[in-house]
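Structure, as structure tokens:
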Amino acid sequence: MRRRIADACRAAGRNPAGVVLTAVTKTQSPEALASALATGQRVFGENRVQEAQAHWSALRPAVADLELRLIGPLQTNKAADAAALFDVIETLDRPKLADALAAAAGKSGRTVRVLVQVNTGAEPQKAGVLPGDADALVAYARGRGLAVEGLMCIPPADEAAGPHFALLRKIARRNGLGTLSMGMSGDYETAIRFGATHVRIGSALFGERNRVETPSID
């Protein structure tokens, strides 16, 4: 997968060092995690706080350079746990969640790094702020003291991904944001062409799995 990412970068005229592989380990076994760690992989994405705690609480002290990224919807009542476990939360999508993460940061004294998730396809069943509201949420999160590093999106499954990645890049540029988490197993090469800095790869690394998503609730 690293070779494929590097090839896609070179085809796009980009330095492969500018794209980070985030290995998506939701639903994976301890053996799969150990195998990934053995290859030198250190950046991992998880969808649920509780599952991530089960996966990584024991491993984290032994892997000094591990980076955990939350890539699934976050309930406000899990904000403190998420802020304590994850290095980056990629799914900030509403002011109420920004408030909860800011409160967690205030109690722990730890800076909370976030990406704003943008629902580029305006899909009612999907998390993410609408594109027209993204600038306001970025400003609000910054005002609450969160370290807003970039944007994340998941394009509609039945549409070409390129226009959605282009839209995310446009929003990021006008807000001075450098991180773009976009592209998964089926469209990461397209995402790289549109400037992705992080690609989230699960099935291409670990094989297909059952996809069961839990909606965000407050």
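Chain labels follow the order of the structure tokens: the first chain is A, the next B, and so on; residue numbering restarts at 1 in every chain, and ligands are counted from 1 in their shown order.
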
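Near A:Leu101, within 10 Å and counting only C-alpha atoms, sit Thr76, Asn77, Lys78, Ala79, Ala80, Asp81, Ala82, Ala83, Ile89, Leu92, Pro95, Lys96, Gly106, Lys107, Thr111, Val112, Arg113, Val114, Ala141, Arg144, Gly145 and Leu146 of chain A, not including residues fewer than 5 positions from it in the same chain.
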
### Message
Residues near A:Ala52, anyone? I mean within 9 Å using only C-alpha atoms, not counting same-chain ones fewer than 2 positions away, as a ChimeraX atom specification.
### Response
/A:25-26,45-50,54-57,68,70,85-86

Convert the current residue selection to file output with all heavy atoms, as a short mmCIF file (atom, residue, chain, number, x, y, z; two decimals), in the first residue's frame.
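As a result, selection26.cif now contains:
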data_model
loop_
_atom_site.label_atom_id
_atom_site.label_comp_id
_atom_site.auth_asym_id
_atom_site.auth_seq_id
_atom_site.Cartn_x
_atom_site.Cartn_y
_atom_site.Cartn_z
N THR A 25 -8.44 0.51 11.68
CA THR A 25 -8.41 -0.77 12.39
C THR A 25 -9.71 -1.10 13.12
O THR A 25 -9.73 -2.00 13.95
CB THR A 25 -7.24 -0.79 13.39
OG1 THR A 25 -7.21 0.44 14.13
CG2 THR A 25 -5.92 -0.95 12.66
N LYS A 26 -10.79 -0.40 12.82
CA LYS A 26 -12.05 -0.76 13.46
C LYS A 26 -12.43 -2.19 13.10
O LYS A 26 -12.24 -2.63 11.96
CB LYS A 26 -13.16 0.21 13.06
CG LYS A 26 -13.50 0.25 11.58
CD LYS A 26 -14.59 1.27 11.31
CE LYS A 26 -14.95 1.32 9.83
NZ LYS A 26 -16.02 2.29 9.55
N GLY A 45 -6.52 4.76 12.49
CA GLY A 45 -7.83 5.39 12.62
C GLY A 45 -8.84 4.44 13.21
O GLY A 45 -8.90 3.27 12.83
N GLU A 46 -9.64 4.95 14.13
CA GLU A 46 -10.69 4.17 14.78
C GLU A 46 -12.00 4.92 14.69
O GLU A 46 -12.03 6.14 14.71
CB GLU A 46 -10.34 3.92 16.25
CG GLU A 46 -9.17 2.97 16.45
CD GLU A 46 -9.57 1.50 16.41
OE1 GLU A 46 -10.79 1.22 16.33
OE2 GLU A 46 -8.67 0.64 16.47
N ASN A 47 -13.11 4.16 14.65
CA ASN A 47 -14.43 4.77 14.51
C ASN A 47 -15.16 5.00 15.83
O ASN A 47 -16.02 5.86 15.91
CB ASN A 47 -15.32 3.91 13.61
CG ASN A 47 -15.22 4.30 12.16
OD1 ASN A 47 -14.11 4.41 11.64
ND2 ASN A 47 -16.35 4.51 11.51
N ARG A 48 -14.83 4.22 16.83
CA ARG A 48 -15.57 4.29 18.09
C ARG A 48 -14.61 4.37 19.27
O ARG A 48 -13.59 3.68 19.31
CB ARG A 48 -16.49 3.08 18.25
CG ARG A 48 -17.53 2.97 17.15
CD ARG A 48 -18.34 1.70 17.28
NE ARG A 48 -19.35 1.59 16.24
CZ ARG A 48 -19.11 1.10 15.02
NH1 ARG A 48 -17.90 0.67 14.71
NH2 ARG A 48 -20.08 1.04 14.14
N VAL A 49 -14.96 5.20 20.23
CA VAL A 49 -14.09 5.42 21.38
C VAL A 49 -13.90 4.13 22.18
O VAL A 49 -12.77 3.76 22.52
CB VAL A 49 -14.67 6.53 22.29
CG1 VAL A 49 -13.83 6.68 23.55
CG2 VAL A 49 -14.74 7.86 21.54
N GLN A 50 -14.98 3.43 22.47
CA GLN A 50 -14.89 2.25 23.31
C GLN A 50 -14.05 1.16 22.65
O GLN A 50 -13.21 0.52 23.30
CB GLN A 50 -16.28 1.71 23.65
CG GLN A 50 -16.27 0.58 24.68
CD GLN A 50 -17.67 0.22 25.15
OE1 GLN A 50 -18.65 0.84 24.76
NE2 GLN A 50 -17.76 -0.78 26.00
N ALA A 54 -10.32 -0.49 23.83
CA ALA A 54 -10.02 -1.92 23.92
C ALA A 54 -8.81 -2.29 23.07
O ALA A 54 -7.99 -3.13 23.46
CB ALA A 54 -11.24 -2.74 23.49
N HIS A 55 -8.70 -1.66 21.89
CA HIS A 55 -7.59 -1.96 21.00
C HIS A 55 -6.24 -1.47 21.52
O HIS A 55 -5.22 -2.16 21.42
CB HIS A 55 -7.84 -1.32 19.63
CG HIS A 55 -8.67 -2.14 18.71
ND1 HIS A 55 -9.25 -1.63 17.56
CD2 HIS A 55 -9.04 -3.45 18.74
CE1 HIS A 55 -9.93 -2.56 16.93
NE2 HIS A 55 -9.82 -3.69 17.63
N TRP A 56 -6.23 -0.25 22.07
CA TRP A 56 -4.97 0.46 22.22
C TRP A 56 -4.55 0.78 23.65
O TRP A 56 -3.39 1.19 23.85
CB TRP A 56 -5.02 1.76 21.42
CG TRP A 56 -5.23 1.52 19.96
CD1 TRP A 56 -6.37 1.74 19.24
CD2 TRP A 56 -4.28 0.98 19.03
NE1 TRP A 56 -6.19 1.37 17.93
CE2 TRP A 56 -4.92 0.91 17.77
CE3 TRP A 56 -2.94 0.57 19.15
CZ2 TRP A 56 -4.27 0.43 16.63
CZ3 TRP A 56 -2.29 0.08 18.02
CH2 TRP A 56 -2.96 0.02 16.78
N SER A 57 -5.41 0.66 24.62
CA SER A 57 -5.04 1.07 25.97
C SER A 57 -3.79 0.35 26.47
O SER A 57 -2.91 0.95 27.10
CB SER A 57 -6.20 0.85 26.94
OG SER A 57 -7.27 1.73 26.63
N LEU A 68 -3.06 8.00 17.18
CA LEU A 68 -4.43 7.53 17.03
C LEU A 68 -5.33 8.67 16.57
O LEU A 68 -5.29 9.77 17.13
CB LEU A 68 -4.95 6.97 18.36
CG LEU A 68 -4.20 5.77 18.93
CD1 LEU A 68 -4.83 5.33 20.24
CD2 LEU A 68 -4.17 4.62 17.93
N LEU A 70 -9.39 9.63 15.60
CA LEU A 70 -10.80 9.25 15.59
C LEU A 70 -11.40 9.69 14.27
O LEU A 70 -11.41 10.87 13.93
CB LEU A 70 -11.54 9.91 16.75
CG LEU A 70 -13.04 9.59 16.82
CD1 LEU A 70 -13.26 8.11 17.08
CD2 LEU A 70 -13.74 10.43 17.88
N LEU A 85 -7.78 9.91 24.73
CA LEU A 85 -7.19 8.78 24.02
C LEU A 85 -6.57 9.15 22.68
O LEU A 85 -5.48 8.68 22.34
CB LEU A 85 -8.27 7.71 23.79
CG LEU A 85 -7.85 6.46 23.01
CD1 LEU A 85 -6.78 5.68 23.76
CD2 LEU A 85 -9.06 5.58 22.72
N PHE A 86 -7.26 9.98 21.92
CA PHE A 86 -6.85 10.23 20.54
C PHE A 86 -5.91 11.43 20.44
O PHE A 86 -6.07 12.43 21.14
CB PHE A 86 -8.07 10.46 19.66
CG PHE A 86 -8.90 9.22 19.44
CD1 PHE A 86 -10.02 8.97 20.21
CD2 PHE A 86 -8.53 8.29 18.48
CE1 PHE A 86 -10.77 7.82 20.03
CE2 PHE A 86 -9.28 7.14 18.29
CZ PHE A 86 -10.40 6.90 19.06
#

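Closest to A:Arg60 among A:Leu74, A:Asp93, A:Arg10, A:Leu33 is A:Leu33, based on only C-alpha atoms.
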
### Task
Write out as number ranges by chain each polymer residue whose atoms come within 9 Å of A:Thr22, counting only C-alpha atoms; drop sequence neighbours fewer than 4 positions from it.
A: 41-45, 68-69, 198-202

### Task
Return as a ChimeraX atom specification the full set of residues in stretch 26-215 of chain A whose backbone-based DSSP assignment is strand (DSSP E or B).
/A:43-46,67-70,88-92,113-118,129,147-152,179-181,198-201
